[in-house]
Every structure is written in structure tokens, then in C-alpha cells.
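Trainee: Just so it is clear, I am handing over protein17.txt, which has compact mmCIF, C-alpha atoms.
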```txt
# COMPACT_ATOMS: atom_id res chain seq x y z
CA MET A 1 13.12 22.92 -33.29
CA VAL A 2 14.31 20.04 -35.51
CA ASN A 3 17.19 20.15 -37.93
CA LYS A 4 16.52 18.09 -41.04
CA GLN A 5 20.15 18.50 -42.10
CA SER A 6 21.44 17.00 -38.86
CA PRO A 7 22.86 13.45 -38.90
CA LEU A 8 20.68 12.78 -35.81
CA PRO A 9 17.44 10.98 -36.75
CA LEU A 10 14.35 13.17 -36.64
CA TYR A 11 12.57 10.87 -34.19
CA TYR A 12 15.55 11.16 -31.83
CA GLN A 13 15.45 14.95 -32.03
CA ILE A 14 11.74 14.88 -31.17
CA GLU A 15 12.47 12.57 -28.23
CA GLU A 16 15.13 14.91 -26.91
CA HIS A 17 12.86 17.93 -27.33
CA ILE A 18 10.05 16.30 -25.33
CA LYS A 19 12.51 15.04 -22.68
CA GLY A 20 13.86 18.59 -22.40
CA LEU A 21 10.35 19.93 -21.78
CA ILE A 22 9.80 17.32 -19.07
CA ASP A 23 13.15 18.03 -17.39
CA SER A 24 12.58 21.80 -17.44
CA GLY A 25 9.04 21.55 -16.07
CA GLY A 26 7.45 22.72 -19.30
CA LEU A 27 5.61 19.41 -19.27
CA LYS A 28 4.56 18.17 -15.84
CA PRO A 29 3.46 14.72 -14.63
CA GLY A 30 -0.10 14.11 -15.79
CA ASP A 31 0.04 16.67 -18.61
CA VAL A 32 -1.38 15.48 -21.92
CA LEU A 33 0.74 15.77 -25.07
CA PRO A 34 -0.60 17.31 -28.27
CA SER A 35 -1.90 14.73 -30.72
CA GLU A 36 0.42 13.05 -33.22
CA ARG A 37 -1.17 15.10 -35.97
CA GLU A 38 -0.61 18.36 -34.12
CA LEU A 39 3.03 17.48 -33.37
CA ALA A 40 3.63 16.42 -36.97
CA GLU A 41 2.25 19.72 -38.25
CA SER A 42 4.21 21.70 -35.64
CA PHE A 43 7.54 20.10 -36.61
CA ASN A 44 6.64 19.70 -40.30
CA ILE A 45 7.45 16.00 -40.23
CA SER A 46 5.49 12.79 -40.76
CA ARG A 47 3.15 11.33 -38.15
CA MET A 48 5.09 8.07 -38.40
CA THR A 49 8.22 9.86 -37.18
CA VAL A 50 6.29 11.43 -34.30
CA ARG A 51 4.76 8.06 -33.42
CA GLN A 52 8.21 6.45 -33.26
CA ALA A 53 9.50 9.18 -30.92
CA ILE A 54 6.50 8.87 -28.62
CA THR A 55 6.65 5.05 -28.60
CA ASN A 56 10.31 5.21 -27.57
CA LEU A 57 9.46 7.57 -24.70
CA VAL A 58 6.58 5.29 -23.63
CA ASN A 59 8.99 2.36 -23.60
CA LYS A 60 11.32 4.41 -21.37
CA ASN A 61 8.37 5.12 -19.01
CA LEU A 62 8.60 8.87 -19.57
CA LEU A 63 5.18 8.89 -21.24
CA TYR A 64 2.14 6.63 -21.03
CA ARG A 65 -0.89 6.15 -23.24
CA LYS A 66 -4.55 6.00 -22.24
CA LYS A 67 -6.75 4.31 -24.80
CA GLY A 68 -9.18 6.79 -26.31
CA SER A 69 -7.74 9.65 -24.25
CA GLY A 70 -4.20 10.48 -25.39
CA THR A 71 -0.57 10.36 -24.31
CA TYR A 72 0.46 11.71 -20.90
CA VAL A 73 3.63 12.58 -19.02
CA SER A 74 4.44 9.84 -16.53
CA HIS A 75 4.70 10.45 -12.81
CA HIS A 76 8.00 9.96 -11.05
CA LYS A 77 8.30 6.40 -9.75
CA PHE A 78 9.63 5.73 -6.26
CA GLU A 79 12.20 2.96 -6.40
CA GLN A 80 12.11 0.58 -3.46
CA SER A 81 14.93 -1.88 -2.89
CA LEU A 82 13.96 -5.44 -2.05
CA HIS A 83 16.92 -5.65 0.31
CA GLY A 84 16.47 -4.39 3.88
CA LEU A 85 13.40 -4.05 6.09
CA THR A 86 12.18 -0.45 6.42
CA SER A 87 8.86 1.16 7.19
CA PHE A 88 7.04 3.30 4.64
CA SER A 89 7.83 6.41 6.72
CA GLU A 90 11.54 5.58 6.92
CA ASP A 91 11.65 4.90 3.20
CA MET A 92 9.98 8.20 2.26
CA ARG A 93 12.15 10.26 4.60
CA SER A 94 15.29 8.68 3.15
CA ARG A 95 14.19 10.05 -0.25
CA GLY A 96 13.54 13.54 1.07
CA PHE A 97 9.74 13.24 1.09
CA GLU A 98 7.42 13.87 4.00
CA PRO A 99 5.48 10.69 4.80
CA GLY A 100 1.88 10.84 5.92
CA ASN A 101 -1.05 8.60 6.79
CA LYS A 102 -4.78 8.92 6.38
CA LEU A 103 -6.54 6.46 8.66
CA ILE A 104 -9.60 4.91 7.00
CA HIS A 105 -10.43 2.11 9.43
CA PHE A 106 -9.19 1.03 12.87
CA GLU A 107 -10.79 -1.68 14.99
CA LEU A 108 -10.20 -4.63 17.29
CA SER A 109 -11.66 -7.73 15.69
CA SER A 110 -11.78 -11.50 15.92
CA PRO A 111 -9.12 -13.05 13.71
CA THR A 112 -9.88 -14.94 10.53
CA GLU A 113 -8.64 -18.50 10.13
CA GLU A 114 -5.71 -17.15 8.11
CA LEU A 115 -4.69 -14.84 10.96
CA VAL A 116 -5.15 -17.50 13.66
CA HIS A 117 -2.77 -19.75 11.75
CA HIS A 118 -0.27 -17.01 10.90
CA PHE A 119 0.02 -15.60 14.43
CA SER A 120 -0.65 -18.88 16.33
CA LEU A 121 -3.49 -17.18 18.21
CA GLN A 122 -5.46 -18.72 21.04
CA GLY A 123 -9.13 -18.64 22.12
CA GLU A 124 -10.07 -15.03 22.83
CA ASP A 125 -7.06 -13.35 21.17
CA LEU A 126 -8.01 -10.31 19.10
CA VAL A 127 -6.20 -8.50 16.31
CA TYR A 128 -5.97 -4.87 15.26
CA LYS A 129 -7.23 -4.22 11.74
CA ILE A 130 -5.70 -0.99 10.46
CA LYS A 131 -6.48 0.43 7.04
CA ARG A 132 -4.54 3.51 5.96
CA ILE A 133 -3.71 5.54 2.88
CA ARG A 134 0.05 6.07 2.76
CA LEU A 135 1.08 9.52 1.53
CA ALA A 136 4.27 11.11 0.21
CA ASN A 137 4.23 14.92 0.34
CA GLY A 138 0.45 14.67 0.66
CA GLU A 139 0.04 12.51 -2.46
CA PRO A 140 -1.56 9.05 -2.11
CA MET A 141 0.88 6.22 -2.82
CA ALA A 142 -0.78 3.10 -1.41
CA ILE A 143 -3.67 1.61 0.52
CA GLU A 144 -2.41 -0.56 3.34
CA THR A 145 -4.35 -2.95 5.57
CA SER A 146 -2.38 -4.25 8.57
CA TYR A 147 -3.19 -7.00 11.06
CA ILE A 148 -1.35 -7.13 14.42
CA PRO A 149 -2.19 -9.18 17.53
CA VAL A 150 -3.55 -6.88 20.23
CA LYS A 151 -1.42 -8.60 22.88
CA LEU A 152 1.73 -7.32 21.18
CA ILE A 153 0.79 -3.63 21.42
CA PRO A 154 -1.80 -3.04 24.16
CA GLY A 155 -3.27 0.43 23.91
CA LEU A 156 -2.46 1.10 20.26
CA SER A 157 -4.16 4.37 19.30
CA GLN A 158 -4.90 6.52 16.28
CA GLU A 159 -2.34 9.05 17.52
CA ILE A 160 0.40 6.40 17.46
CA LEU A 161 -0.67 5.30 13.98
CA SER A 162 -0.30 8.85 12.67
CA LYS A 163 3.49 8.37 12.93
CA SER A 164 5.88 5.51 12.19
CA LEU A 165 4.54 2.31 13.77
CA TYR A 166 7.87 0.48 13.43
CA GLN A 167 9.70 3.28 15.21
CA TYR A 168 7.12 3.26 18.01
CA VAL A 169 7.22 -0.50 18.68
CA GLU A 170 11.02 -0.62 18.63
CA GLU A 171 11.64 2.48 20.74
CA GLN A 172 8.64 2.48 23.08
CA ILE A 173 7.51 -1.15 23.32
CA GLY A 174 10.92 -2.76 22.96
CA ILE A 175 9.92 -5.12 20.14
CA LYS A 176 12.83 -5.65 17.75
CA LEU A 177 11.89 -6.38 14.16
CA GLY A 178 14.13 -8.83 12.36
CA HIS A 179 13.00 -9.71 8.86
CA ALA A 180 10.05 -9.92 6.50
CA SER A 181 8.73 -12.12 3.72
CA GLN A 182 7.13 -10.26 0.83
CA THR A 183 5.25 -11.18 -2.34
CA ILE A 184 4.45 -8.79 -5.20
CA GLU A 185 1.77 -9.30 -7.84
CA ALA A 186 0.50 -7.24 -10.75
CA SER A 187 -3.16 -6.33 -10.39
CA ALA A 188 -5.81 -3.87 -11.56
CA ALA A 189 -7.33 -1.06 -9.52
CA THR A 190 -10.66 -1.87 -7.90
CA GLU A 191 -13.33 0.75 -7.23
CA ASP A 192 -11.93 1.19 -3.71
CA ASP A 193 -8.37 1.55 -5.04
CA ALA A 194 -9.46 4.06 -7.65
CA LYS A 195 -11.34 6.11 -5.06
CA HIS A 196 -8.53 6.37 -2.54
CA LEU A 197 -5.50 6.44 -4.85
CA GLN A 198 -6.90 8.85 -7.46
CA LEU A 199 -6.79 6.26 -10.24
CA GLU A 200 -9.08 5.09 -13.00
CA LEU A 201 -10.86 1.78 -12.50
CA GLY A 202 -8.67 -1.02 -13.86
CA GLU A 203 -5.40 0.92 -13.94
CA PRO A 204 -2.27 -1.14 -13.14
CA VAL A 205 -1.37 -1.48 -9.46
CA LEU A 206 1.03 -3.57 -7.40
CA PHE A 207 -0.52 -5.86 -4.79
CA ILE A 208 2.02 -6.54 -2.04
CA GLN A 209 1.70 -8.86 0.94
CA ARG A 210 4.30 -8.62 3.68
CA GLU A 211 4.75 -10.84 6.71
CA THR A 212 6.98 -9.12 9.28
CA PHE A 213 8.74 -11.07 12.03
CA GLN A 214 10.46 -10.15 15.26
CA ASP A 215 14.13 -10.80 15.98
CA ASP A 216 13.29 -14.14 17.59
CA GLY A 217 11.26 -15.26 14.57
CA ALA A 218 7.83 -14.67 16.13
CA PRO A 219 5.30 -13.08 13.72
CA PHE A 220 4.57 -9.41 14.31
CA GLU A 221 2.41 -8.15 11.45
CA LEU A 222 0.61 -9.17 8.27
CA VAL A 223 0.16 -6.35 5.74
CA LYS A 224 -1.76 -6.33 2.48
CA SER A 225 -1.09 -3.25 0.34
CA THR A 226 -2.06 -1.86 -3.03
CA TYR A 227 0.53 0.51 -4.52
CA ARG A 228 0.03 2.80 -7.48
CA GLY A 229 1.63 1.22 -10.54
CA ASP A 230 2.50 4.62 -11.97
CA LYS A 231 4.27 5.69 -8.78
CA TYR A 232 6.19 2.71 -7.48
CA LYS A 233 8.73 0.22 -8.75
CA TYR A 234 10.89 -2.34 -7.01
CA LYS A 235 14.57 -3.01 -7.55
CA MET A 236 16.73 -5.94 -6.55
CA ASN A 237 20.30 -7.00 -7.20
CA ILE A 238 20.74 -10.54 -8.50
CA GLU A 239 23.99 -12.42 -8.39
CA ARG A 240 24.91 -15.27 -10.70
CA LEU A 241 24.46 -18.67 -9.01
CA ARG A 242 27.55 -20.85 -9.22
```
Could you render the structure as C-alpha cells?
Mentor:
Amino acid sequence: MVNKQSPLPLYYQIEEHIKGLIDSGGLKPGDVLPSERELAESFNISRMTVRQAITNLVNKNLLYRKKGSGTYVSHHKFEQSLHGLTSFSEDMRSRGFEPGNKLIHFELSSPTEELVHHFSLQGEDLVYKIKRIRLANGEPMAIETSYIPVKLIPGLSQEILSKSLYQYVEEQIGIKLGHASQTIEASAATEDDAKHLQLELGEPVLFIQRETFQDDGAPFELVKSTYRGDKYKYKMNIERLR
């Protein structure tokens, strides 16, 4: 499987062999690779050469290491552009995946001081607190907790939340969404994250907070989400300032 007479470096040949197995489905996301020793014996090459090939594939995000466990095939990462306001459902459908939701918690509650300030709420105003697992083809991608003033969507139900909320409010309620402000931070999976997103405690995740506004600038929603770090990445185009 490697040609020692080839001008191509041995580590590169090993890389291409492993990449070929991944592309053909011989190695699937989450599969563990044989140990460096086993690969070295299989190809009759040094462990140092195998280690270089694997390190290169880790750096390209095709493989990832778990301390004390081994090296695994990475999962496909969904790339989300930072330009344009879309819902999770719209984003997944545009990629050819079937979006889904698993509702964990849904209640009407008194707003915290943060929410009173954000939404400019008065006296007896209540907010919806909605906690959902966001799915793509049945696979958990994120935990999302949303806060929306009840007065904006009277009668919000679990049935409505099973579909695209943005589509519902724009088409049925007549609320037009204009823009959002979003922050992204690196974080580590908590026990709750690990439970719902099928992760190990402490694995890398993306913590994202989004403030969504209506066309007229009035606040519509505050969302706090935890996305799987092995499943999601964000992309943005940056122009040179002059």
C-alpha cells in the first residue's frame, strides 16, 4: 500500500491512504484508527513516519485525538456563514439536511433583570423560555435556550415550536425580522451539554448568544446556544480596510 521507491514521501502516502478510506466510507466518523504501532507494522515503516501522517491529518481536522483513548475519524462540520440572518431550520434545509427539534423545556416565566433591560419590559410582562435540542437528520447539533416576550406571540405552542419559529412569526404573525447581533465563544461541555449532545464532559463546544431584532429595530428574541465543536464551524469574509 506504500511504495518506498516513489518520490512521494512515505508520510504523504499514508495520509492519502487514510484519506481514501475516509472518502470511500471504509472509515466512518467516530471510527477509531489502529494504533501507531499497528499501522507501522502494517506498512513496514517507522512509527515516526506514521505519527507525522496522523498529525498532518489532525491538523487538517480529518482526524482528532482523545487523550488515553486513541485517534478517531472526525465528524463532518457544518459551515455557517456569519453573513445573513437565517433560522436553524432554514440553514439545515439549504444544506440538504432535515432539521428537527426536541423540546426539553417550555414555560411562561417572569423575566430576569437582563431580559427586562433587553426587551424593555414593563410590570407584569412575561417571557417564553424555550429550551430545545436542535437536530440535523436526527443527530443532535446544539442546545438552544430562547427568550421571547409573550406579548409578541400570544398563544405560542409546542406544536408551533416543532417547526421553524422564524417562518411562523413572519408568515402567520406578520413580524418581520431584520437583523441580529451574535457573539461566539469557545467553551467546554458541561454535564448537561454532554448528556444532550452525546459528548464527553469537557469536550470543546461553541457558546453562541444571538440577539434578534425586528425590521423596526425592536428586540424580538434572545438566544443562548451551545453547539458541538466537532460538528459546527463559522465562516466569514473579511475585506481589507482602507
Trainee: Compile the contact shell of Asp215 of chain A as a PyMOL selection string: residues with an atom at most 10 Å away, counting only C-alpha atoms, same-chain residues fewer than 6 positions apart removed.
Mentor: chain A and resi 175-179
Trainee: Find the spatial neighbours of Glu144 of chain A, counting all atoms listed in the file, within a cut-off of 10 Å - ignore same-chain residues fewer than 3 positions away - and output them as number ranges by chain.
Mentor: A: 101, 103-104, 130-134, 141, 207-209, 223-227
Trainee: Could you name the residues that touch Arg210 of chain A at 12 Å or less, counting only C-alpha atoms, but leaving out those on the same chain fewer than 3 positions away, as a PDB file with C-alpha atoms, keeping the file's coordinate frame?
Mentor:
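Saved as part00.pdb:
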```
ATOM      1  CA  LEU A  82      13.960  -5.440  -2.050  1.00  0.00           C
ATOM      2  CA  LEU A  85      13.400  -4.050   6.090  1.00  0.00           C
ATOM      3  CA  THR A  86      12.180  -0.450   6.420  1.00  0.00           C
ATOM      4  CA  SER A  87       8.860   1.160   7.190  1.00  0.00           C
ATOM      5  CA  HIS A 118      -0.270 -17.010  10.900  1.00  0.00           C
ATOM      6  CA  GLU A 144      -2.410  -0.560   3.340  1.00  0.00           C
ATOM      7  CA  THR A 145      -4.350  -2.950   5.570  1.00  0.00           C
ATOM      8  CA  SER A 146      -2.380  -4.250   8.570  1.00  0.00           C
ATOM      9  CA  TYR A 147      -3.190  -7.000  11.060  1.00  0.00           C
ATOM     10  CA  HIS A 179      13.000  -9.710   8.860  1.00  0.00           C
ATOM     11  CA  ALA A 180      10.050  -9.920   6.500  1.00  0.00           C
ATOM     12  CA  SER A 181       8.730 -12.120   3.720  1.00  0.00           C
ATOM     13  CA  GLN A 182       7.130 -10.260   0.830  1.00  0.00           C
ATOM     14  CA  THR A 183       5.250 -11.180  -2.340  1.00  0.00           C
ATOM     15  CA  ILE A 184       4.450  -8.790  -5.200  1.00  0.00           C
ATOM     16  CA  GLU A 185       1.770  -9.300  -7.840  1.00  0.00           C
ATOM     17  CA  PHE A 207      -0.520  -5.860  -4.790  1.00  0.00           C
ATOM     18  CA  PHE A 213       8.740 -11.070  12.030  1.00  0.00           C
ATOM     19  CA  PRO A 219       5.300 -13.080  13.720  1.00  0.00           C
ATOM     20  CA  PHE A 220       4.570  -9.410  14.310  1.00  0.00           C
ATOM     21  CA  GLU A 221       2.410  -8.150  11.450  1.00  0.00           C
ATOM     22  CA  LEU A 222       0.610  -9.170   8.270  1.00  0.00           C
ATOM     23  CA  VAL A 223       0.160  -6.350   5.740  1.00  0.00           C
ATOM     24  CA  LYS A 224      -1.760  -6.330   2.480  1.00  0.00           C
ATOM     25  CA  SER A 225      -1.090  -3.250   0.340  1.00  0.00           C
ATOM     26  CA  THR A 226      -2.060  -1.860  -3.030  1.00  0.00           C
TER      27      THR A 226
END
```
Trainee: Using all atoms listed in the file, can you tell me which of A:Lys195, A:Arg93, A:Lys231, A:Lys163 comes closest to Asn61 of chain A?
Mentor: A:Lys231
Trainee: Need the shell around segment 203-205 of chain A: protein/DNA/RNA residues with any atom at most 7 Å away, counting all atoms listed in the file. Skip same-chain ones fewer than 3 positions apart. Format as a list of chain:residue names?
Mentor: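 Skipping anything fewer than 3 positions along the chain leaves A:Ala186, A:Ser187, A:Ala188, A:Ala189, A:Leu199, A:Glu200, A:Thr226, A:Tyr227, A:Arg228, A:Gly229.
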Trainee: Using all atoms listed in the file, find the one residue out of A:Glu211, A:Asp193, A:Glu15, A:Glu38 that sits nearest to Ile143 of chain A.
Mentor: A:Asp193
Trainee: What separation in Å, quoted to one decimal, exists between atom CA of Val73 of chain A and atom CA of Leu33 of chain A?
Mentor: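 Interatomic distance, atom CA of Val73 of chain A to atom CA of Leu33 of chain A: 7.4 Å.
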Trainee: Padding 5 Å on each side, edges along x, y and z: where is the centre of the box around the listed atoms of segment 168-183 of chain A, and how long are its edges in Å to one decimal? Output it as AutoDock Vina command-line options.
Mentor:
```
--center_x 9.7 --center_y -4.4 --center_z 10.5 --size_x 18.9 --size_y 25.4 --size_z 35.7
```
Trainee: Report the distance between atom CA of Lys235 of chain A and atom CA of Gly20 of chain A in Å, rounded to one decimal place.
Mentor: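 Atom-to-atom, atom CA of Lys235 of chain A to atom CA of Gly20 of chain A, that is 26.2 Å.
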Trainee: Pick the closest to Phe43 of chain A from A:Lys67, A:Lys60, A:His17, A:Lys151: which is it, counting all atoms listed in the file?
Mentor: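 Result for the nearest residue to Phe43 of chain A: A:His17.
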Trainee: With distances taken over only C-alpha atoms, which of A:Lys28, A:Lys102, A:Lys4, A:Arg47 is nearest to His196 of chain A?
Mentor: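 Nearest candidate to His196 of chain A out of A:Lys28, A:Lys102, A:Lys4, A:Arg47: A:Lys102.
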Trainee: What does the distance from atom CA of Ile173 of chain A to atom CA of Leu152 of chain A come to in Å, to one decimal?
Mentor: 8.7 Å
Trainee: For Glu90 of chain A, which residue among A:Tyr166, A:Leu10, A:Ile18, A:Thr112 is the nearest when counting only C-alpha atoms?
Mentor: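 Closest candidate: A:Tyr166.
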Trainee: Would you mind telling me which residue in A:Gln122, A:Val116, A:Pro9, A:His75 lies nearest to Tyr232 of chain A when using all atoms listed in the file?
Mentor: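 That would be A:His75, the residue with the smallest distance to Tyr232 of chain A.
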